[in-house]
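These notes are about the structure you will find just below.
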Amino acid sequence: NMFGFWDWVGGRYSLWSAIGLSICLSIGFENFEQLLDGAHYMDNHFKTMPFEKNAPVILAVLGVWYSNFFKAETHALLPYDQYLHRFAAYFQQGDMESNGKFVSKAGKPVKYSTGPIVWGEPGTNGQHAFYQLIHQGTRLIPCDFIAPAQTHNPIAGGKHHKILLSNFLAQTEALMMGKTSDEARAELSKAGLCGNELDNLLPHKVFVGNRPTNSIVVKKVSPFTLGALI
């Protein structure tokens with residue numbers, strides 16, 4: 001026996017179809033329905049909200065803006081929750097297969113950038129790997145920071161999650177504000193550096209800021225919120 005589905009269902013959308021059977025078997029049909037409910041909620045939001053309050057429209061316009069007018073070639077997805085550690089990898093297909101074409105629906109070549117390279121890792125892993133490039137590199141890399149307000153695993157009375165959210169907020173603030181030469185000099189002086197040692201290190205501690213980020217906060221990672229995010 002086989003479950004059939006329509007030939008127009010692309011792989012990147014197929015989890016909502018009979019292909020989602022494996023998801024049902026793994027998390028149960030009630031949770032699978034919540035996944036569908038989250039997607040349905042966001043579909044209705046996209047359909048009914050005015051453009052200036054429409055999250056998918058705003059994110060799409062920002063994508064076109066940075067890709068075409070600021071020549072951004074990549075877009076980073078940075079979830080601050082281990083349960084979303086494969087979200088960026090999954091969404092590579094959702095975004096790049098959809099937008100990875102050089103012709104329009106009418107089959108005509110386009111004269112603009114149609115989509116960036118999507119990549120990313122969980123936030124605290126990325127902070128020790130590639131955030132240096134995002135903060136101080138020569139390429140503009142727009143980022144989506146994603147975090148749940150509540151954790152499924154409260155450790156030490158939720159202290160660890162508060163520290164995680166502090167990292168989430170601090171990174172987006174630093175990308176926005178940067179660090180001036182005077183601020184960096186004051187930090188290095190406070191750490192006991194002076195003279196040539198300070199002057200040699202100073203340029204490496206300065207970053208310009210004004211790097212674009214979106215902060216997306218959900219109440220808690222759940223089938224519903226995952227469906228809405230997708």
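Note on naming: chains are A, B, ... as they come in the structure tokens, residues start from 1 per chain, ligands start from 1 in the order shown.
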Could you give me, as a PDB file with C-alpha atoms, in the first residue's frame, the residues within 12 Å of Met176 in chain A, counting only C-alpha atoms and dropping anything in the same chain fewer than 3 positions from it?
ATOM      1  CA  ILE A 134      29.798  38.583  10.913  1.00  0.00           C
ATOM      2  CA  HIS A 135      30.988  41.305  13.313  1.00  0.00           C
ATOM      3  CA  PRO A 142      22.200  39.653   7.396  1.00  0.00           C
ATOM      4  CA  CYS A 143      21.224  37.351  10.259  1.00  0.00           C
ATOM      5  CA  LEU A 169      20.503  39.857  23.098  1.00  0.00           C
ATOM      6  CA  ALA A 170      24.149  40.871  23.464  1.00  0.00           C
ATOM      7  CA  GLN A 171      25.102  39.623  19.999  1.00  0.00           C
ATOM      8  CA  THR A 172      22.312  41.496  18.220  1.00  0.00           C
ATOM      9  CA  GLU A 173      23.085  44.664  20.202  1.00  0.00           C
ATOM     10  CA  LYS A 179      32.502  49.177  19.290  1.00  0.00           C
ATOM     11  CA  PHE A 207      33.998  46.839  14.854  1.00  0.00           C
ATOM     12  CA  VAL A 208      31.794  49.244  12.974  1.00  0.00           C
ATOM     13  CA  GLY A 209      28.323  47.930  13.825  1.00  0.00           C
ATOM     14  CA  ASN A 210      25.249  48.659  11.710  1.00  0.00           C
ATOM     15  CA  ARG A 211      25.101  44.975  10.713  1.00  0.00           C
ATOM     16  CA  PRO A 212      21.492  43.916   9.983  1.00  0.00           C
ATOM     17  CA  THR A 213      19.756  41.364  12.199  1.00  0.00           C
ATOM     18  CA  ASN A 214      16.219  40.200  12.916  1.00  0.00           C
ATOM     19  CA  SER A 215      15.355  38.947  16.404  1.00  0.00           C
TER      20      SER A 215
END
Residues of range 110-218 of chain A that approach range 69-93 of chain A to 8 Å or less, counting only C-alpha atoms: could you list each one with the shortest pair of atoms and its distance in Å to one decimal, rows by chain and increasing residue number, as a Markdown table?
| residue | atom | partner | partner_atom | distance |
| --- | --- | --- | --- | --- |
| A:Pro116 | CA | A:Thr74 | CA | 4.7 |
| A:Ile117 | CA | A:Thr74 | CA | 4.4 |
| A:Val118 | CA | A:His75 | CA | 4.9 |
| A:Trp119 | CA | A:Ala76 | CA | 5.1 |
| A:Gly120 | CA | A:Leu77 | CA | 4.8 |
| A:Glu121 | CA | A:Leu78 | CA | 5.6 |
| A:Pro122 | CA | A:Pro79 | CA | 4.9 |
| A:Gly123 | CA | A:Tyr80 | CA | 4.9 |
| A:Thr124 | CA | A:Tyr80 | CA | 7.1 |
| A:Gly126 | CA | A:Leu78 | CA | 7.8 |
| A:Arg139 | CA | A:Ala72 | CA | 7.1 |
| A:Leu140 | CA | A:Ala72 | CA | 5.5 |
| A:Ile141 | CA | A:His75 | CA | 5.8 |
| A:Pro142 | CA | A:His75 | CA | 5.3 |
| A:Cys143 | CA | A:Ala76 | CA | 4.6 |
| A:Asp144 | CA | A:Leu77 | CA | 4.9 |
| A:Phe145 | CA | A:Leu78 | CA | 4.9 |
| A:Ile146 | CA | A:Pro79 | CA | 4.5 |
| A:Ala147 | CA | A:Tyr80 | CA | 4.9 |
| A:Pro148 | CA | A:Asp81 | CA | 7.2 |
| A:Leu164 | CA | A:Tyr80 | CA | 7.2 |
| A:Leu165 | CA | A:Tyr80 | CA | 7.7 |
| A:Phe168 | CA | A:Tyr80 | CA | 6.9 |
May I have the selected residues written with N, CA and C atoms, as a compact mmCIF listing (two decimals), in the first residue's frame?
# COMPACT_ATOMS: atom_id res chain seq x y z
N PRO A 116 19.91 34.62 -1.55
CA PRO A 116 21.25 34.43 -1.00
C PRO A 116 21.52 32.97 -0.65
N ILE A 117 22.74 32.69 -0.30
CA ILE A 117 23.12 31.39 0.26
C ILE A 117 22.69 31.38 1.72
N VAL A 118 21.89 30.40 2.11
CA VAL A 118 21.40 30.30 3.48
C VAL A 118 22.27 29.32 4.26
N TRP A 119 22.67 29.70 5.45
CA TRP A 119 23.52 28.85 6.26
C TRP A 119 23.33 29.22 7.72
N GLY A 120 23.96 28.48 8.63
CA GLY A 120 23.86 28.83 10.03
C GLY A 120 24.08 27.64 10.94
N GLU A 121 24.22 27.94 12.22
CA GLU A 121 24.43 26.96 13.27
C GLU A 121 23.75 27.48 14.53
N PRO A 122 23.54 26.61 15.53
CA PRO A 122 23.05 27.12 16.81
C PRO A 122 23.97 28.22 17.35
N GLY A 123 23.35 29.20 18.00
CA GLY A 123 24.05 30.42 18.34
C GLY A 123 25.34 30.29 19.10
N THR A 124 25.33 29.58 20.23
CA THR A 124 26.55 29.54 21.03
C THR A 124 27.67 28.77 20.34
N GLY A 126 28.06 28.91 17.02
CA GLY A 126 28.51 29.88 16.03
C GLY A 126 29.36 30.98 16.61
N ARG A 139 32.35 41.45 4.40
CA ARG A 139 31.09 41.16 3.73
C ARG A 139 29.92 41.39 4.69
N LEU A 140 28.86 41.98 4.17
CA LEU A 140 27.64 42.16 4.96
C LEU A 140 26.86 40.85 4.99
N ILE A 141 26.56 40.37 6.19
CA ILE A 141 25.84 39.10 6.35
C ILE A 141 24.60 39.35 7.20
N PRO A 142 23.43 39.53 6.60
CA PRO A 142 22.20 39.65 7.40
C PRO A 142 21.95 38.37 8.18
N CYS A 143 21.42 38.51 9.38
CA CYS A 143 21.22 37.35 10.26
C CYS A 143 19.82 37.35 10.85
N ASP A 144 19.25 36.17 10.97
CA ASP A 144 18.03 35.97 11.75
C ASP A 144 18.40 35.24 13.03
N PHE A 145 18.23 35.90 14.16
CA PHE A 145 18.44 35.29 15.47
C PHE A 145 17.08 34.76 15.96
N ILE A 146 17.03 33.50 16.35
CA ILE A 146 15.78 32.86 16.78
C ILE A 146 15.98 32.30 18.18
N ALA A 147 15.04 32.60 19.08
CA ALA A 147 15.18 32.10 20.45
C ALA A 147 13.81 31.88 21.08
N PRO A 148 13.68 30.86 21.93
CA PRO A 148 12.46 30.68 22.72
C PRO A 148 12.58 31.42 24.05
N LEU A 164 21.78 32.08 28.22
CA LEU A 164 21.67 31.89 26.77
C LEU A 164 20.97 33.07 26.11
N LEU A 165 19.87 33.53 26.71
CA LEU A 165 19.16 34.68 26.16
C LEU A 165 19.99 35.95 26.26
N PHE A 168 22.08 35.89 23.27
CA PHE A 168 21.22 36.23 22.14
C PHE A 168 21.07 37.75 22.01
In range 18-160 of chain A, DSSP helix (DSSP H, G or I) residues written as a ChimeraX atom specification: /A:18-27,29-48,51-53,55-69,82-84,87-99,123-127,131-136,159-160
Residue contacts of Gly4 in chain A (10 Å, only C-alpha atoms) excluding same-chain residues fewer than 4 positions away, as a PyMOL selection string: chain A and resi 17-19
Store the residues of this selection in a file with C-alpha atoms, as a tab-separated table (two decimals), in the first residue's frame.
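What ended up in out.tsv:
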chain	number	residue	atom	x	y	z
A	17	SER	CA	1.47	16.07	2.88
A	18	ALA	CA	1.43	12.27	3.13
A	19	ILE	CA	5.23	12.49	3.23
Residue neighbourhood range 52-59 of chain A, 12 Å, only C-alpha atoms, exclusion window fewer than 2 positions, as a list in words: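 The residues that qualify are Met42, Asp43, Asn44, His45, Phe46, Lys47, Thr48, Met49, Pro50, Val61, Leu62, Gly63, Val64, Trp65, Tyr66, His75, Pro142, Cys143, Asp144, Pro212, Thr213, Asn214, Ser215, Ile216, Ala228, Leu229 and Ile230 of chain A.
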Preceding selection exported with C-alpha atoms as a short mmCIF file (atom, residue, chain, number, x, y, z; two decimals), in the first residue's frame:
data_model
loop_
_atom_site.label_atom_id
_atom_site.label_comp_id
_atom_site.auth_asym_id
_atom_site.auth_seq_id
_atom_site.Cartn_x
_atom_site.Cartn_y
_atom_site.Cartn_z
CA MET A 42 1.19 31.82 9.61
CA ASP A 43 -0.54 31.29 6.25
CA ASN A 44 -3.53 33.26 7.56
CA HIS A 45 -1.25 35.95 8.95
CA PHE A 46 0.41 36.27 5.54
CA LYS A 47 -2.96 36.33 3.76
CA THR A 48 -4.78 38.82 6.00
CA MET A 49 -2.28 41.23 7.58
CA PRO A 50 -1.43 44.56 5.90
CA VAL A 61 11.45 42.63 1.30
CA LEU A 62 14.46 42.82 3.62
CA GLY A 63 15.95 39.85 1.78
CA VAL A 64 15.56 41.59 -1.59
CA TRP A 65 16.88 44.84 -0.10
CA TYR A 66 20.11 43.46 1.34
CA HIS A 75 22.00 34.94 5.03
CA PRO A 142 22.20 39.65 7.40
CA CYS A 143 21.22 37.35 10.26
CA ASP A 144 18.03 35.97 11.75
CA PRO A 212 21.49 43.92 9.98
CA THR A 213 19.76 41.36 12.20
CA ASN A 214 16.22 40.20 12.92
CA SER A 215 15.35 38.95 16.40
CA ILE A 216 12.60 36.31 16.28
CA ALA A 228 4.83 28.75 12.01
CA LEU A 229 8.58 29.31 11.59
CA ILE A 230 8.78 27.00 8.59
#
